[in-house]
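> Below you'll find the structure I mean.
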Amino acid sequence: MVFEGSNVPGTRLRCPKCSAILIVAALADGGSAIPDSNPLADSKRRRVKGEEQSEPFYPSNFNIPHKQRAIEFLANWLDVDPLAIEMSLMKLETGSAYDSWQIPKGDTGKFRNIDSPCEELKLVQRRILDRLLYHIPVSNACHGFMPARSIVTGAKYHLESASEMLNLDLKDAFPSVKAIRVKHSLVRYLKTPMRRLGEYVPYHVLDDVIRVLIHLVTLNGCLPQGGPCSGWLLNVACIKMDKHIYALLSGFDLKLRYTRYADDLTISSPFEIPEDLRQKIQKVIAKSGFRVNPEKVSYLRKSAGDTLEVTGLILEKGMVRIPRAKLDVYRAALHNAAKIPKDELAQEKKREIQSMVAFVSMVYGDLPRKIYVPYCEYLAAHDLEFIGNKKKMQLDLYPH
């Protein structure tokens, strides 16, 4: 169909037959009319038999000129070469973008799947996190994947008033966050700012930017556990749940406190937490699209002799501590490492020891004698020098 004056890029036209709004854009084939996307279209949900449906997210389905412009626009936001994004997308399409393995879940006999992105994709994901995702505000309950927060800050928040404590765990939290949920979050929090605070691009290009972002941060249609962006996107996905839990707790005059470290939820109070409140909290979690792991629900009472525990740390004698049994394991590991011949100490073992010591130092500030003495013996046995005023191995605590 040909319209008079339709050769001018940017012209808005109305189809005389169907009343659809069209916008003229200059394309490689000499120009054609392109339907102007509704800016709210991405936030609408199509439901079939009660289940959310969505179009494919994969770049192979994109219009090639649109895809290339979306990649260039996104690269400008991330301060990376467009080739880095293209290489990452290529590796995702060929199935070579992630290394996957399993790690044991404590002493349960079960395993957690870890998906670690390749170097090219990891760089792009870190830029997505730093330049875009960190600007999405999340709940104040979050202590996981938060700058300047940790399991220590989460535990300390309960230290002052906790006498009774409810601990809950979200079952398969990362796989529970599907690509469609990530899409809704990105459209809600990023699409308009990217359009208004960056160079002008049509809505259909922004649609493709969102699709590229989804493809870069998800794996097999959900969040990969091990990707740099996954922790923050989990926090974003939990905004609704955290908000409703706060609202629920505000209706009880019990001085309740709530924190969440990734998939570990803790509610504490100086008084008994009513059973009906505990049940309502679990209902809020279910309505928010998550499931409670029934094997990891615990209710602890100081008056009954229970040790109050938050994300593996205990609240004891006005301090946050590492359980004694775990400290004994660390001390034994240091003694054993000190006995390894110098030429047989692997770099992986060095990093394991240093991570262990860094964790203890994070919790206590200074190393307790139980760890400090064997650590010094380990350093001396392997001629590892101290740096500066603090005794530290010549290794980064958390190498990138």
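The chains in the structure tokens are called A, B, ... from first to last as shown; in each chain the residues are counted from 1, and the ligands are counted from 1 in the order shown.
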Name the residues in contact with A:Gly289 at a cut-off of 10 Å, using only C-alpha atoms, excluding same-chain residues fewer than 2 positions from it; report them as a list of chain:residue names.

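The residues satisfying every condition are A:Ala173, A:Ser176, A:Val177, A:Arg181, A:Ala237, A:Cys238, A:Lys240, A:Met241, A:Val284, A:Ile285, A:Ala286, A:Lys287, A:Arg291.
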
> Create the file for the chosen residues now, containing N, CA and C atoms and written as a tab-separated table (two decimals), in the first residue's frame.


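Contents of again_12.tsv, as written:
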chain	number	residue	atom	x	y	z
A	173	ALA	N	14.71	-20.57	44.10
A	173	ALA	CA	14.39	-19.15	43.90
A	173	ALA	C	14.81	-18.65	42.52
A	176	SER	N	12.85	-19.98	39.65
A	176	SER	CA	11.46	-19.53	39.74
A	176	SER	C	11.24	-18.21	39.02
A	177	VAL	N	12.30	-17.46	38.79
A	177	VAL	CA	12.18	-16.16	38.11
A	177	VAL	C	12.33	-16.41	36.61
A	181	ARG	N	8.98	-12.76	33.61
A	181	ARG	CA	9.02	-11.90	34.79
A	181	ARG	C	10.16	-10.89	34.69
A	237	ALA	N	12.71	-9.08	41.48
A	237	ALA	CA	11.54	-9.96	41.42
A	237	ALA	C	10.87	-10.10	42.77
A	238	CYS	N	11.61	-9.88	43.85
A	238	CYS	CA	11.07	-10.01	45.22
A	238	CYS	C	10.49	-8.71	45.75
A	240	LYS	N	7.69	-7.11	45.15
A	240	LYS	CA	6.29	-7.26	45.53
A	240	LYS	C	6.15	-8.07	46.81
A	241	MET	N	6.89	-9.17	46.90
A	241	MET	CA	6.83	-10.01	48.09
A	241	MET	C	7.30	-9.25	49.33
A	284	VAL	N	1.64	-14.98	51.50
A	284	VAL	CA	2.18	-13.85	50.73
A	284	VAL	C	3.27	-14.33	49.79
A	285	ILE	N	4.13	-15.21	50.28
A	285	ILE	CA	5.22	-15.74	49.45
A	285	ILE	C	4.65	-16.49	48.25
A	286	ALA	N	3.64	-17.31	48.49
A	286	ALA	CA	3.03	-18.09	47.40
A	286	ALA	C	2.36	-17.18	46.38
A	287	LYS	N	1.66	-16.15	46.85
A	287	LYS	CA	0.98	-15.23	45.94
A	287	LYS	C	1.97	-14.40	45.13
A	291	ARG	N	7.85	-20.35	46.17
A	291	ARG	CA	7.44	-21.46	47.03
A	291	ARG	C	8.34	-21.54	48.24

> Check which residues of stretch 79-176 of chain A sit at most 12 Å from stretch 360-382 of chain A using only C-alpha atoms, and return one row each with the closest pair of atoms and their distance in Å to one decimal, ordered by chain and rising number, as a Markdown table.


| residue | atom | partner | partner_atom | distance |
| --- | --- | --- | --- | --- |
| A:Ala148 | CA | A:Met362 | CA | 11.7 |
| A:Arg149 | CA | A:Met362 | CA | 11.1 |
| A:Ser150 | CA | A:Met362 | CA | 9.2 |
| A:Ile151 | CA | A:Val363 | CA | 8.7 |
| A:Val152 | CA | A:Val363 | CA | 6.1 |
| A:Thr153 | CA | A:Val363 | CA | 9.3 |
| A:Gly154 | CA | A:Val363 | CA | 11.4 |
| A:Ala155 | CA | A:Val363 | CA | 10.1 |
| A:Lys156 | CA | A:Val363 | CA | 10.1 |

> Let me see the file: selected residues, N, CA and C atoms, as a PDB file, in the first residue's frame.


ATOM      1  N   ALA A 148      27.855  -3.014  50.149  1.00  0.00           N
ATOM      2  CA  ALA A 148      28.000  -2.632  51.563  1.00  0.00           C
ATOM      3  C   ALA A 148      27.087  -3.421  52.494  1.00  0.00           C
ATOM      4  N   ARG A 149      26.432  -4.466  51.995  1.00  0.00           N
ATOM      5  CA  ARG A 149      25.621  -5.331  52.852  1.00  0.00           C
ATOM      6  C   ARG A 149      26.054  -6.778  52.673  1.00  0.00           C
ATOM      7  N   SER A 150      25.725  -7.617  53.667  1.00  0.00           N
ATOM      8  CA  SER A 150      26.165  -9.015  53.639  1.00  0.00           C
ATOM      9  C   SER A 150      25.322  -9.814  54.628  1.00  0.00           C
ATOM     10  N   ILE A 151      25.659 -11.090  54.803  1.00  0.00           N
ATOM     11  CA  ILE A 151      24.955 -11.883  55.805  1.00  0.00           C
ATOM     12  C   ILE A 151      25.210 -11.332  57.203  1.00  0.00           C
ATOM     13  N   VAL A 152      26.342 -10.646  57.375  1.00  0.00           N
ATOM     14  CA  VAL A 152      26.655 -10.059  58.692  1.00  0.00           C
ATOM     15  C   VAL A 152      25.718  -8.901  58.998  1.00  0.00           C
ATOM     16  N   THR A 153      25.508  -7.992  58.030  1.00  0.00           N
ATOM     17  CA  THR A 153      24.603  -6.869  58.271  1.00  0.00           C
ATOM     18  C   THR A 153      23.181  -7.357  58.478  1.00  0.00           C
ATOM     19  N   GLY A 154      22.795  -8.408  57.751  1.00  0.00           N
ATOM     20  CA  GLY A 154      21.454  -8.964  57.930  1.00  0.00           C
ATOM     21  C   GLY A 154      21.264  -9.544  59.317  1.00  0.00           C
ATOM     22  N   ALA A 155      22.267 -10.261  59.812  1.00  0.00           N
ATOM     23  CA  ALA A 155      22.177 -10.850  61.149  1.00  0.00           C
ATOM     24  C   ALA A 155      22.204  -9.778  62.231  1.00  0.00           C
ATOM     25  N   LYS A 156      23.055  -8.764  62.069  1.00  0.00           N
ATOM     26  CA  LYS A 156      23.168  -7.711  63.084  1.00  0.00           C
ATOM     27  C   LYS A 156      21.870  -6.930  63.241  1.00  0.00           C
TER      28      LYS A 156
END

> Find the spatial neighbours of stretch 340-344 of chain A, counting only C-alpha atoms, within a cut-off of 9 Å - ignore same-chain residues fewer than 2 positions away - and output them as a PyMOL selection string.

chain A and resi 336-338+346+381-383

> Deliver the residues from the most recent selection as a file, using N, CA and C atoms, as a compact mmCIF listing (two decimals), in the first residue's frame.


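Done, and the output landed in part.txt:
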# COMPACT_ATOMS: atom_id res chain seq x y z
N ASN A 336 45.86 -28.55 58.29
CA ASN A 336 46.17 -29.49 57.21
C ASN A 336 46.89 -28.80 56.06
N ALA A 337 46.47 -27.57 55.74
CA ALA A 337 47.12 -26.83 54.65
C ALA A 337 48.56 -26.50 55.01
N ALA A 338 48.84 -26.26 56.29
CA ALA A 338 50.21 -25.94 56.71
C ALA A 338 51.14 -27.13 56.53
N ALA A 346 48.38 -26.06 45.74
CA ALA A 346 47.76 -25.57 44.51
C ALA A 346 47.17 -24.17 44.73
N ALA A 381 54.62 -21.57 56.88
CA ALA A 381 54.99 -22.84 56.25
C ALA A 381 55.17 -22.70 54.74
N HIS A 382 54.48 -21.73 54.14
CA HIS A 382 54.52 -21.58 52.69
C HIS A 382 55.16 -20.27 52.25
N ASP A 383 55.89 -19.63 53.18
CA ASP A 383 56.63 -18.40 52.86
C ASP A 383 55.73 -17.33 52.23

> Could you check how far atom CA of A:Pro274 sits from atom CA of A:Lys255, in Å to one decimal?

12.8 Å

> Quick one: pick out all strand (DSSP E) residues within stretch 188-384 of chain A from a backbone DSSP run and write them as an NGL selection string.

:A and (257-261 or 264-269 or 298-301 or 308-310 or 313-316 or 319-321)

> So that I have them on file, write out the residues from the current selection with N, CA, C and O atoms, as a JSON list (two decimals), in the first residue's frame.


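Result file result_28.json:
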[["chain", "number", "residue", "atom", "x", "y", "z"],
["A", 257, "ARG", "N", 10.96, -7.45, 62.95],
["A", 257, "ARG", "CA", 12.01, -7.05, 62.01],
["A", 257, "ARG", "C", 12.13, -8.11, 60.92],
["A", 257, "ARG", "O", 12.04, -9.31, 61.20],
["A", 258, "TYR", "N", 12.37, -7.64, 59.69],
["A", 258, "TYR", "CA", 12.40, -8.53, 58.53],
["A", 258, "TYR", "C", 13.63, -8.26, 57.68],
["A", 258, "TYR", "O", 13.94, -7.10, 57.37],
["A", 259, "THR", "N", 14.36, -9.31, 57.32],
["A", 259, "THR", "CA", 15.46, -9.21, 56.36],
["A", 259, "THR", "C", 15.38, -10.38, 55.40],
["A", 259, "THR", "O", 14.79, -11.42, 55.70],
["A", 260, "ARG", "N", 16.00, -10.18, 54.23],
["A", 260, "ARG", "CA", 16.08, -11.28, 53.25],
["A", 260, "ARG", "C", 17.48, -11.27, 52.65],
["A", 260, "ARG", "O", 17.95, -10.24, 52.17],
["A", 261, "TYR", "N", 18.14, -12.41, 52.70],
["A", 261, "TYR", "CA", 19.42, -12.58, 52.03],
["A", 261, "TYR", "C", 19.19, -13.55, 50.87],
["A", 261, "TYR", "O", 19.10, -14.77, 51.08],
["A", 264, "ASP", "N", 16.81, -16.50, 51.55],
["A", 264, "ASP", "CA", 16.64, -16.77, 52.98],
["A", 264, "ASP", "C", 15.93, -15.60, 53.65],
["A", 264, "ASP", "O", 16.45, -14.48, 53.68],
["A", 265, "LEU", "N", 14.74, -15.87, 54.22],
["A", 265, "LEU", "CA", 13.94, -14.84, 54.86],
["A", 265, "LEU", "C", 13.98, -15.04, 56.38],
["A", 265, "LEU", "O", 13.87, -16.17, 56.87],
["A", 266, "THR", "N", 14.13, -13.93, 57.11],
["A", 266, "THR", "CA", 14.15, -13.98, 58.57],
["A", 266, "THR", "C", 13.24, -12.90, 59.14],
["A", 266, "THR", "O", 13.35, -11.74, 58.76],
["A", 267, "ILE", "N", 12.34, -13.31, 60.04],
["A", 267, "ILE", "CA", 11.49, -12.39, 60.78],
["A", 267, "ILE", "C", 11.74, -12.63, 62.26],
["A", 267, "ILE", "O", 11.69, -13.78, 62.72],
["A", 268, "SER", "N", 12.03, -11.57, 63.00],
["A", 268, "SER", "CA", 12.30, -11.72, 64.43],
["A", 268, "SER", "C", 11.46, -10.76, 65.24],
["A", 268, "SER", "O", 10.95, -9.76, 64.72],
["A", 269, "SER", "N", 11.33, -11.07, 66.53],
["A", 269, "SER", "CA", 10.53, -10.25, 67.42],
["A", 269, "SER", "C", 10.98, -10.49, 68.86],
["A", 269, "SER", "O", 11.46, -11.58, 69.19],
["A", 298, "SER", "N", 11.93, -22.89, 60.11],
["A", 298, "SER", "CA", 12.26, -23.11, 61.51],
["A", 298, "SER", "C", 11.74, -21.95, 62.35],
["A", 298, "SER", "O", 11.73, -20.80, 61.91],
["A", 299, "TYR", "N", 11.29, -22.29, 63.56],
["A", 299, "TYR", "CA", 10.86, -21.26, 64.51],
["A", 299, "TYR", "C", 11.69, -21.45, 65.78],
["A", 299, "TYR", "O", 11.67, -22.52, 66.39],
["A", 300, "LEU", "N", 12.44, -20.42, 66.14],
["A", 300, "LEU", "CA", 13.40, -20.52, 67.25],
["A", 300, "LEU", "C", 12.98, -19.61, 68.39],
["A", 300, "LEU", "O", 12.54, -18.48, 68.17],
["A", 301, "ARG", "N", 13.15, -20.14, 69.61],
["A", 301, "ARG", "CA", 12.80, -19.38, 70.81],
["A", 301, "ARG", "C", 13.98, -19.37, 71.76],
["A", 301, "ARG", "O", 14.45, -20.43, 72.18],
["A", 308, "LEU", "N", 19.52, -18.65, 68.36],
["A", 308, "LEU", "CA", 18.97, -17.88, 67.24],
["A", 308, "LEU", "C", 20.00, -17.83, 66.11],
["A", 308, "LEU", "O", 21.16, -17.46, 66.32],
["A", 309, "GLU", "N", 19.58, -18.19, 64.91],
["A", 309, "GLU", "CA", 20.49, -18.30, 63.76],
["A", 309, "GLU", "C", 19.91, -17.58, 62.57],
["A", 309, "GLU", "O", 18.72, -17.70, 62.25],
["A", 310, "VAL", "N", 20.75, -16.80, 61.89],
["A", 310, "VAL", "CA", 20.36, -16.07, 60.69],
["A", 310, "VAL", "C", 21.39, -16.35, 59.60],
["A", 310, "VAL", "O", 22.57, -16.03, 59.75],
["A", 313, "LEU", "N", 24.71, -17.75, 60.60],
["A", 313, "LEU", "CA", 25.39, -17.08, 61.70],
["A", 313, "LEU", "C", 24.49, -17.11, 62.94],
["A", 313, "LEU", "O", 23.26, -17.10, 62.82],
["A", 314, "ILE", "N", 25.09, -17.15, 64.12],
["A", 314, "ILE", "CA", 24.30, -17.22, 65.35],
["A", 314, "ILE", "C", 24.39, -15.90, 66.12],
["A", 314, "ILE", "O", 25.40, -15.20, 66.05],
["A", 315, "LEU", "N", 23.30, -15.59, 66.80],
["A", 315, "LEU", "CA", 23.24, -14.41, 67.66],
["A", 315, "LEU", "C", 23.46, -14.89, 69.08],
["A", 315, "LEU", "O", 22.63, -15.61, 69.64],
["A", 316, "GLU", "N", 24.58, -14.50, 69.67],
["A", 316, "GLU", "CA", 24.95, -15.04, 70.97],
["A", 316, "GLU", "C", 25.77, -14.02, 71.74],
["A", 316, "GLU", "O", 26.70, -13.41, 71.21],
["A", 319, "MET", "N", 26.52, -10.65, 70.25],
["A", 319, "MET", "CA", 27.40, -10.62, 69.08],
["A", 319, "MET", "C", 26.88, -11.55, 67.99],
["A", 319, "MET", "O", 26.11, -12.47, 68.26],
["A", 320, "VAL", "N", 27.32, -11.27, 66.77],
["A", 320, "VAL", "CA", 27.10, -12.19, 65.66],
["A", 320, "VAL", "C", 28.32, -13.09, 65.57],
["A", 320, "VAL", "O", 29.45, -12.60, 65.49],
["A", 321, "ARG", "N", 28.11, -14.40, 65.59],
["A", 321, "ARG", "CA", 29.23, -15.34, 65.63],
["A", 321, "ARG", "C", 29.06, -16.43, 64.57],
["A", 321, "ARG", "O", 27.95, -16.71, 64.10]]

> As an exercise, work out the distance from atom CA of A:Asn235 to atom CA of A:His135 in Å and give it to one decimal place.

12.5 Å

> Quick one: of A:Leu170, A:Ala262, A:Met356, A:Val80, who's nearest to A:Ser288, counting only C-alpha atoms?

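Closest to A:Ser288 of all the choices is A:Leu170.
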
> Record the distance separating atom CA of A:Trp232 and atom CA of A:Asn293, expressed in Å with one decimal.

21.3 Å

> Step one, run DSSP on the backbone; step two, keep only residues of stretch 80-226 of chain A assigned to helix (DSSP H, G or I); then write them as a PyMOL selection string.

chain A and resi 82-94+119-131+133-135+151-159+173-176+179-197+203-217

> So which one's closest to A:Gly221, A:Val182, A:Lys302, A:His66, A:Glu199? Using only C-alpha atoms, please.

A:Val182

> Identify, on the basis of only C-alpha atoms, every residue whose closest approach to A:Gly226 does not exceed 9 Å; exclude the query and any residue fewer than 5 positions from it along the same chain; express the result as a ChimeraX atom specification.

/A:113-117,231

> Pull C-alpha atoms from the residues just selected and write them as a PDB file, in the first residue's frame.


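Result file is part_18.pdb:
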ATOM      1  CA  ASN A 113      23.308 -26.132  39.932  1.00  0.00           C
ATOM      2  CA  ILE A 114      25.815 -23.381  39.130  1.00  0.00           C
ATOM      3  CA  ASP A 115      25.978 -21.774  35.678  1.00  0.00           C
ATOM      4  CA  SER A 116      29.043 -19.570  35.218  1.00  0.00           C
ATOM      5  CA  PRO A 117      29.138 -17.309  32.122  1.00  0.00           C
ATOM      6  CA  GLY A 231      21.203 -11.744  42.325  1.00  0.00           C
TER       7      GLY A 231
END

> Extract, using only C-alpha atoms, all DNA, RNA and protein residues at most 12 Å from A:Lys178, discarding same-chain residues fewer than 4 positions from it, and format them as a list in words.

Glu52, Gln53, Ser54, Phe57, Asp172, Ala173, Phe174, Val182, Lys183, His184, Ser185, Ile214, His215, Val217, Thr218, Leu219, Asn220, Gly221, Cys222, Leu223, Pro224, Ser230, Leu233, Leu234, Ala237, Gly289 and Phe290 of chain A

> Find, counting only C-alpha atoms, the residue in A:Lys296, A:Lys326, A:Lys280, A:Arg188 that gets nearest to A:Asp263.

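Looking only at the distances to A:Asp263, the closest residue turns out to be A:Lys296.
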